[in-house]
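Participant: Structure file data_38.pdb (PDB, C-alpha atoms) is given on the next line.
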ATOM      1  CA  SER A   2     193.729 -40.278 172.272
ATOM      2  CA  ILE A   3     190.947 -40.352 169.696
ATOM      3  CA  SER A   4     190.706 -36.572 169.829
ATOM      4  CA  ASP A   5     194.265 -36.039 168.568
ATOM      5  CA  ILE A   6     194.716 -38.881 166.068
ATOM      6  CA  PRO A   7     196.382 -37.348 162.973
ATOM      7  CA  ALA A   8     193.611 -37.213 160.365
ATOM      8  CA  GLU A   9     194.526 -34.556 157.842
ATOM      9  CA  VAL A  10     193.673 -35.984 154.446
ATOM     10  CA  PRO A  11     194.595 -36.297 151.705
ATOM     11  CA  TYR A  12     198.181 -37.095 152.557
ATOM     12  CA  ILE A  13     198.794 -38.955 149.315
ATOM     13  CA  ARG A  14     197.612 -38.211 145.793
ATOM     14  CA  ALA A  15     197.742 -39.876 142.399
ATOM     15  CA  SER A  16     199.936 -38.210 139.800
ATOM     16  CA  ASP A  17     198.238 -35.754 137.436
ATOM     17  CA  LEU A  18     199.373 -37.826 134.466
ATOM     18  CA  ARG A  19     197.660 -40.953 135.795
ATOM     19  CA  LEU A  20     194.552 -39.008 136.793
ATOM     20  CA  GLU A  21     194.231 -37.676 133.235
ATOM     21  CA  ARG A  22     194.838 -41.109 131.743
ATOM     22  CA  TRP A  23     192.200 -42.830 133.849
ATOM     23  CA  ALA A  24     189.700 -40.008 133.451
ATOM     24  CA  ARG A  25     189.931 -40.581 129.693
ATOM     25  CA  GLN A  26     189.890 -44.348 129.949
ATOM     26  CA  LEU A  27     186.884 -44.508 132.276
ATOM     27  CA  ASP A  28     184.842 -41.910 130.374
ATOM     28  CA  ASP A  29     182.110 -43.728 128.471
ATOM     29  CA  ARG A  30     180.207 -40.512 127.655
ATOM     30  CA  ARG A  31     177.143 -41.575 129.628
ATOM     31  CA  PRO A  32     176.265 -39.858 132.902
ATOM     32  CA  HIS A  33     176.289 -42.280 135.785
ATOM     33  CA  PHE A  34     177.282 -42.581 139.403
ATOM     34  CA  ARG A  35     180.618 -44.417 139.668
ATOM     35  CA  ILE A  36     181.359 -46.792 142.530
ATOM     36  CA  GLY A  37     184.733 -48.491 142.903
ATOM     37  CA  ILE A  38     184.410 -51.793 144.755
ATOM     38  CA  ALA A  39     186.760 -54.261 146.439
ATOM     39  CA  TRP A  40     185.622 -57.391 148.239
ATOM     40  CA  GLN A  41     188.456 -59.862 148.805
ATOM     41  CA  GLY A  42     191.417 -59.562 151.148
ATOM     42  CA  ASN A  43     194.484 -61.754 151.341
ATOM     43  CA  PRO A  44     193.177 -65.279 152.006
ATOM     44  CA  ASP A  45     196.347 -66.052 153.976
ATOM     45  CA  PHE A  46     195.311 -63.513 156.621
ATOM     46  CA  GLN A  47     194.157 -65.435 159.715
ATOM     47  CA  ARG A  48     190.745 -63.724 159.952
ATOM     48  CA  ASP A  49     190.114 -63.237 156.243
ATOM     49  CA  GLN A  50     186.923 -65.330 156.324
ATOM     50  CA  PHE A  51     185.372 -62.621 158.522
ATOM     51  CA  ARG A  52     186.377 -59.609 156.446
ATOM     52  CA  SER A  53     186.204 -60.744 152.795
ATOM     53  CA  ILE A  54     182.762 -60.521 151.213
ATOM     54  CA  PRO A  55     181.378 -62.600 148.342
ATOM     55  CA  LEU A  56     181.000 -60.295 145.344
ATOM     56  CA  ASP A  57     177.371 -61.299 144.823
ATOM     57  CA  GLU A  58     176.511 -59.464 148.079
ATOM     58  CA  PHE A  59     177.203 -56.188 146.206
ATOM     59  CA  ALA A  60     174.157 -56.751 143.957
ATOM     60  CA  PRO A  61     171.971 -54.119 145.722
ATOM     61  CA  LEU A  62     174.459 -51.454 144.546
ATOM     62  CA  ALA A  63     174.047 -52.389 140.860
ATOM     63  CA  LEU A  64     171.223 -49.932 140.250
ATOM     64  CA  PRO A  65     170.060 -47.964 137.211
ATOM     65  CA  GLY A  66     172.350 -44.981 136.790
ATOM     66  CA  VAL A  67     175.161 -46.687 138.735
ATOM     67  CA  GLN A  68     178.325 -48.204 137.269
ATOM     68  CA  LEU A  69     180.435 -50.533 139.407
ATOM     69  CA  TYR A  70     184.193 -50.614 138.790
ATOM     70  CA  SER A  71     186.412 -53.363 140.165
ATOM     71  CA  LEU A  72     189.364 -52.330 142.297
ATOM     72  CA  GLN A  73     190.044 -56.011 142.965
ATOM     73  CA  LYS A  74     193.293 -57.522 141.753
ATOM     74  CA  GLY A  75     194.402 -61.128 141.899
ATOM     75  CA  ILE A  76     192.464 -63.534 144.108
ATOM     76  CA  GLY A  77     188.761 -62.730 144.133
ATOM     77  CA  ALA A  78     188.670 -61.032 140.729
ATOM     78  CA  GLU A  79     187.457 -64.288 139.153
ATOM     79  CA  GLN A  80     184.109 -63.782 140.943
ATOM     80  CA  ILE A  81     183.220 -61.093 138.402
ATOM     81  CA  ASP A  82     182.488 -63.837 135.846
ATOM     82  CA  ASP A  83     179.934 -65.468 138.164
ATOM     83  CA  VAL A  84     177.706 -62.554 139.221
ATOM     84  CA  ALA A  85     174.461 -61.523 137.555
ATOM     85  CA  PHE A  86     175.294 -57.809 137.417
ATOM     86  CA  ALA A  87     177.845 -55.774 135.504
ATOM     87  CA  VAL A  88     181.211 -54.955 137.037
ATOM     88  CA  ASN A  89     183.623 -52.980 134.870
ATOM     89  CA  ARG A  90     187.247 -54.115 134.872
ATOM     90  CA  PRO A  91     189.747 -51.292 134.366
ATOM     91  CA  GLY A  92     192.218 -53.687 132.686
ATOM     92  CA  ASP A  93     195.362 -55.726 133.148
ATOM     93  CA  GLU A  94     197.644 -52.684 132.965
ATOM     94  CA  VAL A  95     196.529 -51.467 136.409
ATOM     95  CA  ASP A  96     199.510 -51.064 138.772
ATOM     96  CA  VAL A  97     201.946 -52.859 136.472
ATOM     97  CA  GLU A  98     204.627 -50.201 137.009
ATOM     98  CA  ALA A  99     204.208 -49.978 140.796
ATOM     99  CA  LYS A 100     201.678 -50.981 143.439
ATOM    100  CA  PHE A 101     198.591 -48.792 143.770
ATOM    101  CA  VAL A 102     199.731 -46.009 141.382
ATOM    102  CA  ASP A 103     196.849 -46.645 138.968
ATOM    103  CA  THR A 104     194.445 -47.799 141.652
ATOM    104  CA  ALA A 105     194.869 -44.438 143.408
ATOM    105  CA  ALA A 106     193.994 -42.592 140.195
ATOM    106  CA  ILE A 107     190.960 -44.814 139.595
ATOM    107  CA  ILE A 108     189.784 -44.216 143.170
ATOM    108  CA  GLN A 109     190.056 -40.455 142.620
ATOM    109  CA  SER A 110     187.923 -40.869 139.467
ATOM    110  CA  MET A 111     185.040 -42.482 141.389
ATOM    111  CA  ASP A 112     182.086 -40.889 143.172
ATOM    112  CA  LEU A 113     182.228 -43.472 145.965
ATOM    113  CA  ILE A 114     184.321 -46.440 147.080
ATOM    114  CA  VAL A 115     182.689 -49.445 148.776
ATOM    115  CA  THR A 116     185.168 -51.954 150.158
ATOM    116  CA  SER A 117     185.747 -54.677 152.671
ATOM    117  CA  ASP A 118     188.435 -54.167 155.317
ATOM    118  CA  THR A 119     191.440 -54.269 152.972
ATOM    119  CA  SER A 120     194.237 -51.999 151.786
ATOM    120  CA  ILE A 121     191.739 -50.322 149.441
ATOM    121  CA  ALA A 122     189.907 -48.879 152.465
ATOM    122  CA  HIS A 123     193.124 -47.321 153.764
ATOM    123  CA  LEU A 124     194.201 -46.085 150.336
ATOM    124  CA  ALA A 125     190.828 -44.437 149.707
ATOM    125  CA  GLY A 126     190.830 -42.868 153.165
ATOM    126  CA  SER A 127     194.371 -41.535 152.641
ATOM    127  CA  LEU A 128     193.267 -40.006 149.326
ATOM    128  CA  ALA A 129     190.279 -38.334 151.052
ATOM    129  CA  ALA A 130     187.903 -40.219 148.768
ATOM    130  CA  ALA A 131     184.322 -40.835 149.860
ATOM    131  CA  VAL A 132     184.622 -44.412 151.099
ATOM    132  CA  TRP A 133     182.253 -46.830 152.779
ATOM    133  CA  THR A 134     184.110 -49.619 154.588
ATOM    134  CA  VAL A 135     182.080 -52.732 155.287
ATOM    135  CA  LEU A 136     183.013 -54.466 158.550
ATOM    136  CA  SER A 137     182.208 -57.827 160.037
ATOM    137  CA  HIS A 138     180.403 -58.262 163.347
ATOM    138  CA  SER A 139     183.765 -58.744 165.071
ATOM    139  CA  ALA A 140     185.897 -56.261 163.165
ATOM    140  CA  ASP A 141     189.560 -55.456 163.681
ATOM    141  CA  PRO A 142     190.039 -53.359 166.861
ATOM    142  CA  ARG A 143     191.426 -50.384 164.890
ATOM    143  CA  TRP A 144     187.836 -49.634 163.825
ATOM    144  CA  PHE A 145     186.740 -49.412 167.487
ATOM    145  CA  LEU A 146     183.199 -50.409 168.481
ATOM    146  CA  ASP A 147     179.817 -48.994 167.532
ATOM    147  CA  ARG A 148     181.257 -46.160 165.434
ATOM    148  CA  THR A 149     180.124 -45.179 161.961
ATOM    149  CA  ASP A 150     182.954 -42.689 161.505
ATOM    150  CA  CYS A 151     186.692 -43.285 161.413
ATOM    151  CA  PRO A 152     189.097 -41.139 163.462
ATOM    152  CA  TRP A 153     191.917 -41.670 160.939
ATOM    153  CA  TYR A 154     189.924 -40.974 157.785
ATOM    154  CA  PRO A 155     187.316 -38.188 157.953
ATOM    155  CA  THR A 156     185.825 -39.120 154.560
ATOM    156  CA  MET A 157     185.173 -42.728 155.587
ATOM    157  CA  ARG A 158     181.908 -44.186 156.786
ATOM    158  CA  LEU A 159     181.867 -47.549 158.570
ATOM    159  CA  TRP A 160     179.095 -50.069 157.928
ATOM    160  CA  ARG A 161     178.956 -52.909 160.475
ATOM    161  CA  GLN A 162     177.211 -56.270 160.451
ATOM    162  CA  ARG A 163     174.473 -56.399 163.068
ATOM    163  CA  SER A 164     174.889 -60.156 163.355
ATOM    164  CA  ARG A 165     177.678 -62.512 162.338
ATOM    165  CA  GLY A 166     177.635 -63.283 158.621
ATOM    166  CA  ASP A 167     174.843 -60.829 157.744
ATOM    167  CA  TRP A 168     176.235 -59.014 154.715
ATOM    168  CA  ALA A 169     172.809 -58.869 153.058
ATOM    169  CA  GLY A 170     171.399 -56.482 155.666
ATOM    170  CA  ILE A 171     174.254 -54.013 155.204
ATOM    171  CA  PHE A 172     174.090 -54.052 151.419
ATOM    172  CA  SER A 173     170.325 -53.644 151.402
ATOM    173  CA  GLU A 174     170.706 -50.453 153.472
ATOM    174  CA  MET A 175     173.566 -49.243 151.298
ATOM    175  CA  GLY A 176     171.512 -49.880 148.164
ATOM    176  CA  SER A 177     168.835 -47.466 149.400
ATOM    177  CA  GLU A 178     171.401 -44.752 150.077
ATOM    178  CA  VAL A 179     173.194 -45.328 146.772
ATOM    179  CA  ALA A 180     169.858 -45.011 144.946
ATOM    180  CA  ALA A 181     169.347 -41.579 146.514
ATOM    181  CA  LEU A 182     172.921 -40.515 145.716
ATOM    182  CA  ALA A 183     172.666 -41.699 142.130
ATOM    183  CA  ALA A 184     169.341 -39.916 141.701
ATOM    184  CA  SER A 185     170.823 -36.642 142.889
ATOM    185  CA  SER A 186     174.061 -37.257 140.910
ATOM    186  CA  SER A 187     175.654 -34.669 143.111
ATOM    187  CA  PRO A 188     179.117 -35.415 144.546
ATOM    188  CA  ALA A 189     178.262 -32.906 147.289
ATOM    189  CA  SER A 190     175.606 -35.363 148.489
ATOM    190  CA  LEU A 191     178.368 -37.728 149.562
ATOM    191  CA  GLY A 192     179.586 -35.302 152.193
ATOM    192  CA  SER A 193     176.181 -35.297 153.862
ATOM    193  CA  SER A 194     176.215 -39.104 154.031
ATOM    194  CA  GLN A 195     179.450 -39.291 156.004
ATOM    195  CA  ALA A 196     179.499 -40.297 159.694
TER     196      ALA A 196
END
Mind turning the file's structure into structure tokens?
Facilitator:
Amino acid sequence: SISDIPAEVPYIRASDLRLERWARQLDDRRPHFRIGIAWQGNPDFQRDQFRSIPLDEFAPLALPGVQLYSLQKGIGAEQIDDVAFAVNRPGDEVDVEAKFVDTAAIIQSMDLIVTSDTSIAHLAGSLAAAVWTVLSHSADPRWFLDRTDCPWYPTMRLWRQRSRGDWAGIFSEMGSEVAALAASSSPASLGSSQA
């Protein structure tokens, strides 16, 4: 039942060596609120058109004091060149040695993860990262209905479309909350925004 779903997180963790490496690599010496973002799932998935989000919808999160970092690899990453806001690319060496080993370390270096319904959502939840998962109006059944929390991942918050195709409404709301989080610059603030 929902009450006894195993939900002890984290149950995976990036290696200390990779955490140190990415902490150094992502440190630009300027204080800012870091958000890791992912927007595109596998286009071969039958319902991908309902879960993948055009990158330009993330614009309300590109606020003063906020830095966006791409967690997107492969298909979809080309959208970075076409948006009117800055998205940092960690580099081509991400996950070259093995899948997700660097991505996990980058996630643990962020203040917040905002992602569509992809593997990044599950990875961030497994790492106990603060993660906001953006869901379509008719989301996968594993996310249940009308919930803003996730029984499997206690650090995850679910954001749902109110009407089919309305990503703008979700991101407008998220932008307001991100502005408050960035202003406080307190990681502890993320805990109060969960569920």
Participant: Tell me which of A:Ala39, A:Ala60, A:Ile3, A:Val84 sits closest to Thr104 (chain A), counting all atoms listed in the file.
Facilitator: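 Result for the nearest residue to Thr104 (chain A): A:Ala39.
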Participant: Could you check the closest approach to Ser173 (chain A) for each of A:Met111, A:Ala63, A:Pro7, A:Ala24 and tell me which residue wins, using all atoms listed in the file?
Facilitator: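 Using all atoms listed in the file, the shortest distance to Ser173 (chain A) belongs to A:Ala63.
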Participant: Pick from A:Trp168, A:Phe59, A:Phe46, A:Phe101: nearest to Arg14 (chain A), with all atoms listed in the file counted?
Facilitator: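 Between A:Trp168, A:Phe59, A:Phe46, A:Phe101, the residue approaching Arg14 (chain A) most closely is A:Phe101.
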Participant: Give the answer as one residue: which of A:Ser110, A:Ser185, A:Ser71, A:Ser139 has the shortest atom-to-atom distance to Phe51 (chain A), using all atoms listed in the file?
Facilitator: A:Ser139
Participant: Tell me, in Å to one decimal, how far CA of Ser117 (chain A) is from CA of Leu18 (chain A).
Facilitator: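 Going from CA of Ser117 (chain A) over to CA of Leu18 (chain A), I get 28.3 Å.
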Participant: Could you complete region 118-129 of chain A so that it carries all heavy atoms, and give it back as a CSV table (one decimal), in the frame of the given file?
Facilitator:
chain,number,residue,atom,x,y,z
A,118,ASP,N,187.3,-54.7,154.5
A,118,ASP,CA,188.4,-54.2,155.3
A,118,ASP,C,189.7,-54.6,154.7
A,118,ASP,O,190.3,-55.6,155.1
A,118,ASP,CB,188.3,-54.7,156.8
A,118,ASP,CG,189.4,-54.3,157.7
A,118,ASP,OD1,190.3,-53.4,157.2
A,118,ASP,OD2,189.5,-54.8,158.8
A,119,THR,N,190.2,-53.9,153.7
A,119,THR,CA,191.4,-54.3,153.0
A,119,THR,C,192.3,-53.0,152.8
A,119,THR,O,191.9,-51.9,153.2
A,119,THR,CB,191.2,-54.9,151.6
A,119,THR,OG1,190.6,-53.9,150.7
A,119,THR,CG2,190.2,-56.1,151.7
A,120,SER,N,193.4,-53.1,152.1
A,120,SER,CA,194.2,-52.0,151.8
A,120,SER,C,193.5,-50.9,151.0
A,120,SER,O,193.8,-49.7,151.1
A,120,SER,CB,195.5,-52.5,151.0
A,120,SER,OG,195.1,-53.1,149.8
A,121,ILE,N,192.5,-51.3,150.2
A,121,ILE,CA,191.7,-50.3,149.4
A,121,ILE,C,191.0,-49.3,150.4
A,121,ILE,O,191.0,-48.1,150.1
A,121,ILE,CB,190.7,-51.0,148.5
A,121,ILE,CG1,191.4,-51.9,147.5
A,121,ILE,CG2,189.8,-50.0,147.9
A,121,ILE,CD1,192.3,-51.1,146.5
A,122,ALA,N,190.5,-49.8,151.5
A,122,ALA,CA,189.9,-48.9,152.5
A,122,ALA,C,190.9,-47.8,152.9
A,122,ALA,O,190.6,-46.6,153.0
A,122,ALA,CB,189.4,-49.7,153.7
A,123,HIS,N,192.1,-48.3,153.3
A,123,HIS,CA,193.1,-47.3,153.8
A,123,HIS,C,193.6,-46.4,152.7
A,123,HIS,O,193.9,-45.2,152.9
A,123,HIS,CB,194.3,-48.1,154.4
A,123,HIS,CG,193.8,-48.9,155.6
A,123,HIS,ND1,193.6,-48.3,156.8
A,123,HIS,CD2,193.5,-50.2,155.7
A,123,HIS,CE1,193.2,-49.3,157.7
A,123,HIS,NE2,193.2,-50.4,157.0
A,124,LEU,N,193.8,-46.9,151.5
A,124,LEU,CA,194.2,-46.1,150.3
A,124,LEU,C,193.2,-45.0,150.0
A,124,LEU,O,193.5,-43.8,149.9
A,124,LEU,CB,194.4,-47.0,149.1
A,124,LEU,CG,194.9,-46.2,147.8
A,124,LEU,CD1,196.2,-45.5,148.0
A,124,LEU,CD2,195.0,-47.2,146.7
A,125,ALA,N,191.9,-45.4,150.0
A,125,ALA,CA,190.8,-44.4,149.7
A,125,ALA,C,190.7,-43.4,150.8
A,125,ALA,O,190.6,-42.2,150.5
A,125,ALA,CB,189.5,-45.2,149.5
A,126,GLY,N,190.9,-43.8,152.1
A,126,GLY,CA,190.8,-42.9,153.2
A,126,GLY,C,192.0,-41.9,153.1
A,126,GLY,O,191.8,-40.7,153.4
A,127,SER,N,193.2,-42.4,152.7
A,127,SER,CA,194.4,-41.5,152.6
A,127,SER,C,194.3,-40.5,151.5
A,127,SER,O,194.8,-39.4,151.6
A,127,SER,CB,195.6,-42.4,152.4
A,127,SER,OG,195.8,-43.4,153.4
A,128,LEU,N,193.5,-40.9,150.5
A,128,LEU,CA,193.3,-40.0,149.3
A,128,LEU,C,192.1,-39.0,149.6
A,128,LEU,O,191.8,-38.2,148.7
A,128,LEU,CB,193.0,-40.8,148.1
A,128,LEU,CG,194.1,-41.7,147.5
A,128,LEU,CD1,193.6,-42.8,146.6
A,128,LEU,CD2,195.1,-40.8,146.8
A,129,ALA,N,191.5,-39.1,150.7
A,129,ALA,CA,190.3,-38.3,151.1
A,129,ALA,C,189.1,-38.6,150.1
A,129,ALA,O,188.3,-37.7,149.8
A,129,ALA,CB,190.6,-36.8,151.1
